[in-house]
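S.K.: The following block contains the structure, expressed as structure tokens.
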Amino acid sequence: MTTPFPPTSAPAGDPPFRVLSDPADLPAVPEEVPPTDAQAWCSFVVWVPDRLPTGCVARAGTLRREAPPGRPDGSDVGRSPWSRANPCAYRFEVVGEGRRLRVKQFLYDWAVPALDHPSLWRSRTSARPLDGRHVLWFGVDYLGNRGTSARLGRTMVELSVLDGEFTEEELLDLHRSLRPADADAPSRLAAVPFAELSYWARHHDVEMVVVPTGIWRFDRDGDTAHEGDWVTPPHHAALLGALGLPERLGGLAVDSAARFTNAEGRTEVEVLYSGGPDRGRELRLVAQRTGRGRLVVPPRPSAHEWATRTTTTLRGTTVWLGWIDEDHGPFDCVGRAANGVEFRLVSGSGVGLDRRWFESASTELLAGWDPPAR
């Protein structure tokens with residue numbers, strides 16, 4: 001099957017952080033590294049607390065360095081067993097008498113983050129504002145522990161209570177006290193497009209990881225090398241133009257774009273729009289010609305039990321809309337425009353990213369396809 005999309009090329013050049021050149025150089029277990037030193041190895045801003053719960057101390061953090069895909073001698077060397085990928089991550093523990101928690105930080109870059117707080121996917125969650133932009137999610141994580149999740153800029157911060165008890169106010173205050181380990185890192189990394197930070201955008205020889213991606217079900221193949229062929233501005237224009245996709249959406253600008261094509265020739269375009277002082281506000285748009293990609297319209301619900309789902313009409317088009325928190329997001333909608341483009345739009349969560357904002361962005365998207373293409 002042929003596709004109507006122009007050729008693209010993956011991001012070129014070295015990433016703006018340090019990496020190992022060979023997976024054989026990975027240590028057997030992640031090493032203790034001070035956060036200021038770890039920042040040079042991380043594709044995300046490393047955050048450290050300047051306040052801790054009463055009677056607690058922070059243990060030394062450990063760094064998982066990035067390396068090309070692979071496992072030396074077949075060993076998992078402290079890595080996830082479901083993939084040969086070796087992205088970077090940073091973690092530390094906070095310990096007090098009879099209680100302990102772990103904080104893990106990384107760039108969630110292998111899929112749209114499931115409901116913006118993937119570690120809490122299987123639980124009912126609630127959100128509280130951290131400041132004027134970010135929210136903290138409370139729930140139960142994949143280990144069965146009480147947990148929280150927040151996206152600070154493009155850093156996924158996942159907390160898991162390993163032993164004992166911490167109050168909600170203690171966890172909230174811990175997150176409110178987080179500061180960049182390197183004061184220059186937020187502005188430096190915010191200047192870099194997502195595709196130049198993403199491990200999966202830079203390594204095409206690593207398997208895709210099949211994970212839930214939102215309120216409506218959307219599946220890509222997971223048994224092959226990653227299909228995404230990413231580009232960054234200004235090289236994205238022809239890719240967006242093939243489907244009439246906008247340069248700006250919901251007050252956000254194109255950050256990176258990709259074409260995903262499987263072995264059967266099914267093709268979708270995915271566009272990441274970002275904005276804000278740390279590029280932390282995001283919309284993800286997946287679009288395809290009717291029936292030619294892997295979007296299914298009408299959509300099927302994902303396995304998430306706690307989402308709200310409905311259908312509504314925006315600019316004369318029926319869309320299937322879902323959300324977790326009507327005031328903070330995240331939102332997920334699917335529809336088929338009058339010009340034959342099927343789409344899925346997914347938002348992050350945050351203060352001000354409410355249903356009115358998301359429906360306005362969705363309406364803006366549909367308006368760009370009027371009148372129907374001939």
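Naming works like this for the structure tokens: A, B, ... for the chains as they're shown, residue 1 at the start of each chain, ligands 1 onward in shown order.
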May I have the residues within 8 Å of A:Phe331 as a list in words, using only C-alpha atoms and disregarding those fewer than 6 positions away in the same chain?

M.R.: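 So the residues in contact are Leu115, Ile215, Leu321, Gly322, Trp323, Ile324, Leu345, Val346, Ser347, Gly348, Ser349, Arg355 and Phe358 of chain A.
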
S.K.: Just list the residues in stretch 84-285 of chain A DSSP gives helix (DSSP H, G or I) on the backbone, as number ranges by chain.

M.R.: A: 114-116, 118-120, 168-176, 185-190, 194-197, 199-202, 237-241

S.K.: Would you tabulate, counting only C-alpha atoms, all residues of stretch 60-159 of chain A that have an atom at most 8 Å from an atom of stretch 26-49 of chain A, showing the closest pair of atoms and their distance in Å to one decimal, sorted by chain then ascending number, as a tab-separated table?

M.R.:
residue	atom	partner	partner_atom	distance
A:Ala60	CA	A:Glu32	CA	6.2
A:Gly61	CA	A:Glu32	CA	5.6
A:Thr62	CA	A:Glu32	CA	4.2
A:Leu63	CA	A:Pro30	CA	5.5
A:Arg64	CA	A:Pro30	CA	5.1
A:Arg65	CA	A:Trp41	CA	6.4
A:Glu66	CA	A:Trp41	CA	7.4
A:Ala67	CA	A:Leu26	CA	7.3
A:Val77	CA	A:Ala28	CA	4.8
A:Gly78	CA	A:Val29	CA	5.2
A:Cys88	CA	A:Cys42	CA	6.0
A:Ala89	CA	A:Cys42	CA	7.0
A:Tyr90	CA	A:Val46	CA	7.4
A:Gln105	CA	A:Val46	CA	7.1
A:Phe106	CA	A:Phe44	CA	6.4
A:Leu107	CA	A:Phe44	CA	5.8
A:Gly153	CA	A:Val45	CA	7.9
A:Arg154	CA	A:Phe44	CA	6.5
A:Thr155	CA	A:Phe44	CA	5.4

S.K.: Could you make a table, as CSV, of the residues of stretch 225-286 of chain A that have an atom within 9 Å of an atom of stretch 366-370 of chain A, each with its nearest atom pair and distance in Å to one decimal, counting only C-alpha atoms, in chain and number order?

M.R.:
residue,atom,partner,partner_atom,distance
A:Gly244,CA,A:Trp369,CA,6.9
A:Leu245,CA,A:Gly368,CA,7.6
A:Pro246,CA,A:Gly368,CA,7.1

S.K.: Save the residues we just selected, C-alpha atoms, as a PDB file, in the first residue's frame?

M.R.:
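Everything below was put into selection.pdb:
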ATOM      1  CA  GLY A 244      -3.862  19.905   6.530  1.00  0.00           C
ATOM      2  CA  LEU A 245      -2.658  19.892  10.140  1.00  0.00           C
ATOM      3  CA  PRO A 246      -2.083  23.246  11.877  1.00  0.00           C
TER       4      PRO A 246
END

S.K.: For a test of reading the model, state the distance in Å between atom CA of A:Ser302 and atom CA of A:Arg122, rounded to one decimal.

M.R.: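 Taking atom CA of A:Ser302 and atom CA of A:Arg122, their separation equals 11.3 Å.
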
S.K.: A:Leu152, A:Val140, A:Ala287, A:Val209: which is nearest A:Ala85, counting only C-alpha atoms?

M.R.: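 Answer, going by the shortest atom-to-atom distance: A:Val209.
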
S.K.: Quick check, in Å to one decimal: how far apart do atom CA of A:Glu169 and atom CA of A:Arg100 lie?

M.R.: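 If I compute the distance from atom CA of A:Glu169 to atom CA of A:Arg100, I get 15.8 Å.
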
S.K.: Leaving out A:Val211 and any residue of its chain fewer than 2 positions from it, which residues lie within 10 Å of it when counting only C-alpha atoms, given as an MDAnalysis selection string?

M.R.: chainID A and resid 110:114 118 208:209 213:214 218:220 222

S.K.: Go through A:Leu171, A:Ala238, A:Ala127, A:Val297 and flag the residue nearest A:Pro330, using only C-alpha atoms for the distances.

M.R.: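 Once distances to A:Pro330 are computed over only C-alpha atoms, the minimum belongs to A:Ala127.
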
S.K.: What separation in Å, quoted to one decimal, exists between atom CA of A:Pro301 and atom CA of A:Val271?

M.R.: 22.3 Å

S.K.: Name the closest residue to A:Val334 among the candidates A:Pro23, A:Gly70, A:Pro233, A:Pro299; distances are taken between atoms, counting only C-alpha atoms.

M.R.: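 Closest to A:Val334 of all the choices is A:Pro299.
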
S.K.: May I ask which of the residues A:Asp182, A:Glu170, A:Glu282, A:Glu268 is the closest one to A:Val254, counting only C-alpha atoms?

M.R.: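 Between A:Asp182, A:Glu170, A:Glu282, A:Glu268, the residue approaching A:Val254 most closely is A:Glu282.
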
S.K.: As a PyMOL selection string, please: every residue in stretch 197-352 of chain A that DSSP puts in strand (DSSP E or B).

M.R.: chain A and resi 207+216+225+229-231+248-249+252-261+267-275+281-289+301+308-314+317-325+329-336+341-347
